[in-house]
file model_25.cif (mmCIF, C-alpha atoms; chains and numbers go by the auth columns)
data_model
#
loop_
_atom_site.group_PDB
_atom_site.id
_atom_site.type_symbol
_atom_site.label_atom_id
_atom_site.label_comp_id
_atom_site.label_asym_id
_atom_site.label_seq_id
_atom_site.Cartn_x
_atom_site.Cartn_y
_atom_site.Cartn_z
_atom_site.B_iso_or_equiv
_atom_site.auth_seq_id
_atom_site.auth_asym_id
ATOM 1 C CA GLU A 1 0.216 -10.827 -23.446 0.00 1 A
ATOM 2 C CA ALA A 2 -2.247 -11.234 -26.281 0.00 2 A
ATOM 3 C CA TYR A 3 -4.330 -13.517 -24.062 0.00 3 A
ATOM 4 C CA PHE A 4 -4.775 -10.723 -21.527 0.00 4 A
ATOM 5 C CA LYS A 5 -5.109 -7.860 -24.019 0.00 5 A
ATOM 6 C CA SER A 6 -7.829 -9.727 -25.900 0.00 6 A
ATOM 7 C CA LYS A 7 -9.443 -10.723 -22.586 0.00 7 A
ATOM 8 C CA LYS A 8 -9.743 -14.356 -23.701 0.00 8 A
ATOM 9 C CA PHE A 9 -9.630 -15.236 -20.009 0.00 9 A
ATOM 10 C CA LEU A 10 -13.268 -14.179 -19.950 0.00 10 A
ATOM 11 C CA ASP A 11 -14.042 -16.931 -22.468 0.00 11 A
ATOM 12 C CA ASP A 12 -12.131 -19.752 -20.775 0.00 12 A
ATOM 13 C CA GLY A 13 -12.506 -18.757 -17.119 0.00 13 A
ATOM 14 C CA TYR A 14 -8.707 -18.287 -16.783 0.00 14 A
ATOM 15 C CA ALA A 15 -8.067 -21.913 -17.831 0.00 15 A
ATOM 16 C CA LYS A 16 -4.896 -21.038 -19.771 0.00 16 A
ATOM 17 C CA THR A 17 -3.544 -18.992 -16.866 0.00 17 A
ATOM 18 C CA LYS A 18 -4.298 -21.764 -14.376 0.00 18 A
ATOM 19 C CA ALA A 19 -2.570 -24.354 -16.571 0.00 19 A
ATOM 20 C CA ASP A 20 0.469 -22.136 -17.094 0.00 20 A
ATOM 21 C CA ASN A 21 0.632 -21.356 -13.382 0.00 21 A
ATOM 22 C CA ALA A 22 0.697 -25.037 -12.377 0.00 22 A
ATOM 23 C CA ALA A 23 3.679 -25.666 -14.668 0.00 23 A
ATOM 24 C CA PHE A 24 5.397 -22.560 -13.354 0.00 24 A
ATOM 25 C CA GLU A 25 4.887 -23.642 -9.729 0.00 25 A
ATOM 26 C CA GLN A 26 6.465 -27.032 -10.485 0.00 26 A
ATOM 27 C CA GLN A 27 9.459 -25.398 -12.148 0.00 27 A
ATOM 28 C CA TRP A 28 9.757 -22.908 -9.282 0.00 28 A
ATOM 29 C CA ALA A 29 9.749 -25.675 -6.660 0.00 29 A
ATOM 30 C CA LYS A 30 12.420 -27.575 -8.598 0.00 30 A
ATOM 31 C CA PHE A 31 14.524 -24.433 -8.962 0.00 31 A
ATOM 32 C CA ASN A 32 14.308 -23.698 -5.221 0.00 32 A
ATOM 33 C CA ALA A 33 15.347 -27.237 -4.292 0.00 33 A
ATOM 34 C CA GLU A 34 18.302 -27.159 -6.680 0.00 34 A
ATOM 35 C CA TYR A 35 19.267 -23.655 -5.588 0.00 35 A
ATOM 36 C CA GLU A 36 19.349 -24.746 -1.936 0.00 36 A
ATOM 37 C CA VAL A 37 21.799 -27.545 -2.791 0.00 37 A
ATOM 38 C CA PHE A 38 23.919 -25.044 -4.744 0.00 38 A
ATOM 39 C CA ASN A 39 23.731 -22.503 -1.907 0.00 39 A
ATOM 40 C CA VAL A 40 24.968 -25.040 0.663 0.00 40 A
ATOM 41 C CA GLU A 41 27.954 -25.920 -1.519 0.00 41 A
ATOM 42 C CA LEU A 42 28.671 -22.268 -2.248 0.00 42 A
ATOM 43 C CA GLY A 43 28.615 -21.548 1.486 0.00 43 A
ATOM 44 C CA LYS A 44 31.241 -24.225 2.078 0.00 44 A
ATOM 45 C CA VAL A 45 33.492 -22.758 -0.610 0.00 45 A
ATOM 46 C CA GLU A 46 33.047 -19.209 0.692 0.00 46 A
ATOM 47 C CA LYS A 47 33.856 -20.283 4.259 0.00 47 A
ATOM 48 C CA ALA A 48 36.995 -22.117 3.112 0.00 48 A
ATOM 49 C CA GLN A 49 38.101 -19.044 1.172 0.00 49 A
ATOM 50 C CA ARG A 50 37.442 -16.765 4.139 0.00 50 A
ATOM 51 C CA LEU A 51 39.402 -19.041 6.473 0.00 51 A
ATOM 52 C CA ALA A 52 42.290 -19.072 4.001 0.00 52 A
ATOM 53 C CA SER A 53 42.136 -15.271 3.761 0.00 53 A
ATOM 54 C CA ILE A 54 42.173 -14.937 7.548 0.00 54 A
ATOM 55 C CA GLU A 55 45.239 -17.159 7.749 0.00 55 A
ATOM 56 C CA ARG A 56 46.993 -15.316 4.920 0.00 56 A
ATOM 57 C CA PHE A 57 46.219 -11.881 6.410 0.00 57 A
ATOM 58 C CA THR A 58 47.319 -12.968 9.877 0.00 58 A
ATOM 59 C CA LYS A 59 50.630 -14.347 8.608 0.00 59 A
ATOM 60 C CA ALA A 60 51.227 -11.110 6.699 0.00 60 A
ATOM 61 C CA GLY A 61 50.532 -9.022 9.811 0.00 61 A
ATOM 62 C CA GLN A 62 47.394 -7.515 8.258 0.00 62 A
ATOM 63 C CA LEU A 63 45.375 -7.808 11.435 0.00 63 A
ATOM 64 C CA ARG A 64 42.519 -5.497 10.541 0.00 64 A
ATOM 65 C CA GLU A 65 41.960 -7.362 7.272 0.00 65 A
ATOM 66 C CA ALA A 66 41.953 -10.658 9.170 0.00 66 A
ATOM 67 C CA ALA A 67 39.547 -9.276 11.783 0.00 67 A
ATOM 68 C CA GLN A 68 37.267 -7.920 9.070 0.00 68 A
ATOM 69 C CA GLU A 69 37.115 -11.349 7.424 0.00 69 A
ATOM 70 C CA LYS A 70 36.371 -12.967 10.802 0.00 70 A
ATOM 71 C CA ALA A 71 33.566 -10.487 11.442 0.00 71 A
ATOM 72 C CA LEU A 72 32.024 -10.928 7.997 0.00 72 A
ATOM 73 C CA MET A 73 32.252 -14.708 8.295 0.00 73 A
ATOM 74 C CA SER A 74 30.527 -14.668 11.694 0.00 74 A
ATOM 75 C CA ALA A 75 27.741 -12.383 10.482 0.00 75 A
ATOM 76 C CA ASN A 76 27.231 -14.548 7.408 0.00 76 A
ATOM 77 C CA GLU A 77 26.967 -17.678 9.568 0.00 77 A
ATOM 78 C CA ILE A 78 24.269 -16.016 11.666 0.00 78 A
ATOM 79 C CA LEU A 79 22.279 -15.116 8.574 0.00 79 A
ATOM 80 C CA GLU A 80 22.611 -18.656 7.226 0.00 80 A
ATOM 81 C CA LEU A 81 21.522 -20.102 10.547 0.00 81 A
ATOM 82 C CA LEU A 82 18.390 -17.955 10.714 0.00 82 A
ATOM 83 C CA ASN A 83 17.134 -18.214 7.172 0.00 83 A
ATOM 84 C CA SER A 84 13.399 -18.350 7.810 0.00 84 A
ATOM 85 C CA GLU A 85 10.920 -16.506 9.990 0.00 85 A
ATOM 86 C CA ALA A 86 10.231 -19.716 11.911 0.00 86 A
ATOM 87 C CA ASP A 87 13.868 -19.811 13.018 0.00 87 A
ATOM 88 C CA ILE A 88 13.252 -16.803 15.267 0.00 88 A
ATOM 89 C CA ASN A 89 11.097 -19.096 17.422 0.00 89 A
ATOM 90 C CA ASN A 90 13.530 -22.030 17.287 0.00 90 A
ATOM 91 C CA ALA A 91 15.298 -21.994 20.662 0.00 91 A
ATOM 92 C CA ASP A 92 18.208 -24.141 19.441 0.00 92 A
ATOM 93 C CA LYS A 93 18.929 -21.951 16.422 0.00 93 A
ATOM 94 C CA MET A 94 18.588 -18.792 18.479 0.00 94 A
ATOM 95 C CA ALA A 95 21.059 -20.160 21.044 0.00 95 A
ATOM 96 C CA GLN A 96 23.517 -21.019 18.260 0.00 96 A
ATOM 97 C CA ALA A 97 23.103 -17.547 16.781 0.00 97 A
ATOM 98 C CA ASP A 98 23.572 -15.985 20.217 0.00 98 A
ATOM 99 C CA ALA A 99 26.884 -17.826 20.578 0.00 99 A
ATOM 100 C CA GLN A 100 27.893 -16.699 17.092 0.00 100 A
ATOM 101 C CA ILE A 101 27.080 -13.081 18.037 0.00 101 A
ATOM 102 C CA GLN A 102 29.733 -13.396 20.745 0.00 102 A
ATOM 103 C CA THR A 103 32.235 -14.509 18.106 0.00 103 A
ATOM 104 C CA LEU A 104 31.188 -11.611 15.886 0.00 104 A
ATOM 105 C CA GLU A 105 31.587 -9.093 18.679 0.00 105 A
ATOM 106 C CA ALA A 106 35.065 -10.443 19.501 0.00 106 A
ATOM 107 C CA ALA A 107 36.040 -10.022 15.848 0.00 107 A
ATOM 108 C CA LEU A 108 34.600 -6.506 15.857 0.00 108 A
ATOM 109 C CA ALA A 109 36.689 -5.643 18.920 0.00 109 A
ATOM 110 C CA GLU A 110 39.774 -6.969 17.082 0.00 110 A
ATOM 111 C CA LEU A 111 38.847 -4.958 13.995 0.00 111 A
ATOM 112 C CA ASN A 112 38.345 -1.756 15.956 0.00 112 A
ATOM 113 C CA ALA A 113 41.632 -2.180 17.835 0.00 113 A
ATOM 114 C CA ALA A 114 43.638 -3.063 14.706 0.00 114 A
ATOM 115 C CA ASN A 115 42.128 -0.212 12.714 0.00 115 A
ATOM 116 C CA GLY A 116 42.940 2.193 15.535 0.00 116 A
ATOM 117 C CA LYS A 117 46.606 1.235 15.240 0.00 117 A
ATOM 118 C CA THR A 118 46.720 1.687 11.465 0.00 118 A
ATOM 119 C CA LYS A 119 45.447 5.028 10.240 0.00 119 A
ATOM 120 C CA ASP A 120 45.674 5.319 6.477 0.00 120 A
ATOM 121 C CA SER A 121 43.499 6.084 3.459 0.00 121 A
ATOM 122 C CA ASP A 122 41.717 2.712 3.844 0.00 122 A
ATOM 123 C CA SER A 123 40.751 3.216 7.501 0.00 123 A
ATOM 124 C CA TYR A 124 37.293 4.517 6.602 0.00 124 A
ATOM 125 C CA LYS A 125 36.476 1.207 4.879 0.00 125 A
ATOM 126 C CA PHE A 126 37.202 -0.739 8.045 0.00 126 A
ATOM 127 C CA GLU A 127 35.277 1.809 10.115 0.00 127 A
ATOM 128 C CA GLY A 128 32.319 1.268 7.763 0.00 128 A
ATOM 129 C CA THR A 129 32.503 -2.482 8.253 0.00 129 A
ATOM 130 C CA PHE A 130 32.717 -1.996 12.008 0.00 130 A
ATOM 131 C CA ASP A 131 29.756 0.403 12.082 0.00 131 A
ATOM 132 C CA ASN A 132 27.534 -1.750 9.861 0.00 132 A
ATOM 133 C CA LEU A 133 28.235 -4.959 11.739 0.00 133 A
ATOM 134 C CA THR A 134 27.793 -3.224 15.090 0.00 134 A
ATOM 135 C CA ALA A 135 24.349 -2.152 13.848 0.00 135 A
ATOM 136 C CA PHE A 136 23.842 -5.795 12.796 0.00 136 A
ATOM 137 C CA THR A 137 24.343 -6.875 16.418 0.00 137 A
ATOM 138 C CA GLY A 138 21.878 -4.226 17.567 0.00 138 A
ATOM 139 C CA TYR A 139 19.238 -5.466 15.151 0.00 139 A
ATOM 140 C CA TRP A 140 19.960 -8.995 16.389 0.00 140 A
ATOM 141 C CA ARG A 141 19.196 -7.937 19.945 0.00 141 A
ATOM 142 C CA GLU A 142 15.973 -6.214 18.870 0.00 142 A
ATOM 143 C CA MET A 143 14.902 -9.256 16.864 0.00 143 A
ATOM 144 C CA LYS A 144 15.718 -11.557 19.749 0.00 144 A
ATOM 145 C CA ALA A 145 13.881 -9.421 22.307 0.00 145 A
ATOM 146 C CA ASN A 146 10.768 -8.747 20.227 0.00 146 A
ATOM 147 C CA LYS A 147 10.689 -11.762 17.868 0.00 147 A
ATOM 148 C CA ASP A 148 10.404 -9.157 15.109 0.00 148 A
ATOM 149 C CA PRO A 149 11.256 -10.594 11.667 0.00 149 A
ATOM 150 C CA SER A 150 11.664 -7.100 10.196 0.00 150 A
ATOM 151 C CA ARG A 151 14.840 -6.780 12.264 0.00 151 A
ATOM 152 C CA TYR A 152 16.247 -9.762 10.386 0.00 152 A
ATOM 153 C CA GLU A 153 15.851 -7.751 7.188 0.00 153 A
ATOM 154 C CA ASN A 154 17.731 -4.899 8.890 0.00 154 A
ATOM 155 C CA MET A 155 20.480 -7.398 9.763 0.00 155 A
ATOM 156 C CA VAL A 156 20.699 -8.444 6.112 0.00 156 A
ATOM 157 C CA ASP A 157 20.883 -4.797 5.017 0.00 157 A
ATOM 158 C CA SER A 158 23.634 -4.085 7.549 0.00 158 A
ATOM 159 C CA TYR A 159 25.594 -7.141 6.430 0.00 159 A
ATOM 160 C CA ASN A 160 25.248 -6.186 2.760 0.00 160 A
ATOM 161 C CA SER A 161 26.416 -2.654 3.538 0.00 161 A
ATOM 162 C CA ALA A 162 29.421 -4.061 5.399 0.00 162 A
ATOM 163 C CA VAL A 163 30.309 -6.274 2.432 0.00 163 A
ATOM 164 C CA ARG A 164 30.080 -3.322 0.050 0.00 164 A
#
call {"tool": "encode", "arguments": {"input": "model_25.cif", "output": "structure tokens"}}
result
Amino acid sequence: EAYFKSKKFLDDGYAKTKADNAAFEQQWAKFNAEYEVFNVELGKVEKAQRLASIERFTKAGQLREAAQEKALMSANEILELLNSEADINNADKMAQADAQIQTLEAALAELNAANGKTKDSDSYKFEGTFDNLTAFTGYWREMKANKDPSRYENMVDSYNSAVR
């Protein structure tokens, strides 16, 4: 801070800033690489936990809870599959995501049907999940049709709202 307040960058032609920035960029690249490894492992753990929850809910007859977990898992897998703007133009990834959308929509149909059979004080939560993930599928279709990366951000927002 003192460097900038005193305007010493005028004396050294931003040499200190350039040196600090190079070190920061190296640390940032290392962090991103390590975070990606962590994120892959975390994804495996989350999927295993979701699958266990689906099984537990199904055995207990809690079908809307199981369907909600299926829907959230499918939406999450789509987001993980399409994690960069370039992926929108990757035909293989888009085909995989398109197949996963079908799985998501089947889970949403299950969720809607199960929630319709069980009206209680928690029904609004399941309706919220249904509405947000239905919007997610709409944003998917817009992104797919227009190759518009801003729709991916809308998908993320819809997913996050469904999780909340």
call {"tool": "closest_residue", "arguments": {"input": "model_25.cif", "among": "A:Ser121, A:Asn132, A:Gln96, A:Thr137", "to": "Ser161 of chain A", "atoms": "only C-alpha atoms"}}
result
A:Asn132
call {"tool": "closest_residue", "arguments": {"input": "model_25.cif", "among": "A:Ser158, A:Glu142, A:Ala99, A:Met94", "to": "Leu72 of chain A", "atoms": "all atoms listed in the file"}}
result
A:Ser158
call {"tool": "atom_distance", "arguments": {"input": "model_25.cif", "atom1": "atom CA of Glu69 of chain A", "atom2": "atom CA of Ile54 of chain A"}}
result
6.2 Å
call {"tool": "residues_around", "arguments": {"input": "model_25.cif", "residues": "Tyr159 of chain A", "least_positions_apart": "5", "cutoff": "7 Å", "atoms": "only C-alpha atoms", "output": "NGL selection string"}}
result
:A and (75 or 132-133 or 136)
call {"tool": "resolve_selection", "arguments": {"input": "model_25.cif", "expression": "the PyMOL selection byres ((chain A and resi 102-115) around 10)", "output": "PyMOL selection string"}}
result
chain A and resi 62-78+97-101+116-120+122-127+129-131+133-134+136-137
call {"tool": "closest_residue", "arguments": {"input": "model_25.cif", "among": "A:Asn21, A:Ala135, A:Ile88, A:Lys147", "to": "Asn160 of chain A", "atoms": "only C-alpha atoms"}}
result
A:Ala135
call {"tool": "residues_around", "arguments": {"input": "model_25.cif", "residues": "Val40 of chain A", "least_positions_apart": "5", "cutoff": "12 Å", "atoms": "all atoms listed in the file", "output": "PyMOL selection string"}}
result
chain A and resi 33-35+45-47+77+80-81
call {"tool": "atom_distance", "arguments": {"input": "model_25.cif", "atom1": "atom CA of Glu55 of chain A", "atom2": "atom CA of Leu42 of chain A"}}
result
20.0 Å
call {"tool": "axis_aligned_box", "arguments": {"input": "model_25.cif", "around": "segment 23-36 of chain A", "padding_each_side": "6 Å", "output": "JSON"}}
result
{"center_x": 11.5, "center_y": -25.1, "center_z": -8.3, "size_x": 27.7, "size_y": 17.0, "size_z": 24.7}
call {"tool": "resolve_selection", "arguments": {"input": "model_25.cif", "expression": "the PyMOL selection byres ((chain A and resi 143) around 12)", "output": "MDAnalysis selection string"}}
result
chainID A and resid 82 85 87:89 94 97:98 136:142 144:155
call {"tool": "atom_distance", "arguments": {"input": "model_25.cif", "atom1": "atom CA of Ser53 of chain A", "atom2": "atom CA of Asn39 of chain A"}}
result
20.6 Å
call {"tool": "decode", "arguments": {"input": "model_25.cif", "residues": "segment 136-155 of chain A", "atoms": "C-alpha atoms", "output": "PDB file, in the first residue's frame"}}
result
ATOM      1  CA  PHE A 136     -32.097 -25.024 -15.509  1.00  0.00           C
ATOM      2  CA  THR A 137     -33.278 -27.229 -18.387  1.00  0.00           C
ATOM      3  CA  GLY A 138     -34.691 -24.185 -20.162  1.00  0.00           C
ATOM      4  CA  TYR A 139     -31.391 -22.346 -19.889  1.00  0.00           C
ATOM      5  CA  TRP A 140     -29.686 -25.498 -21.182  1.00  0.00           C
ATOM      6  CA  ARG A 141     -31.854 -25.433 -24.288  1.00  0.00           C
ATOM      7  CA  GLU A 142     -31.152 -21.732 -24.850  1.00  0.00           C
ATOM      8  CA  MET A 143     -27.420 -22.272 -24.397  1.00  0.00           C
ATOM      9  CA  LYS A 144     -27.474 -25.237 -26.739  1.00  0.00           C
ATOM     10  CA  ALA A 145     -29.474 -23.414 -29.414  1.00  0.00           C
ATOM     11  CA  ASN A 146     -27.551 -20.133 -29.303  1.00  0.00           C
ATOM     12  CA  LYS A 147     -24.119 -21.237 -28.012  1.00  0.00           C
ATOM     13  CA  ASP A 148     -24.595 -18.491 -25.422  1.00  0.00           C
ATOM     14  CA  PRO A 149     -22.240 -18.895 -22.434  1.00  0.00           C
ATOM     15  CA  SER A 150     -24.320 -16.483 -20.338  1.00  0.00           C
ATOM     16  CA  ARG A 151     -27.008 -19.171 -20.212  1.00  0.00           C
ATOM     17  CA  TYR A 152     -24.511 -21.450 -18.490  1.00  0.00           C
ATOM     18  CA  GLU A 153     -24.279 -18.863 -15.718  1.00  0.00           C
ATOM     19  CA  ASN A 154     -28.090 -18.914 -15.517  1.00  0.00           C
ATOM     20  CA  MET A 155     -27.899 -22.712 -15.200  1.00  0.00           C
TER      21      MET A 155
END
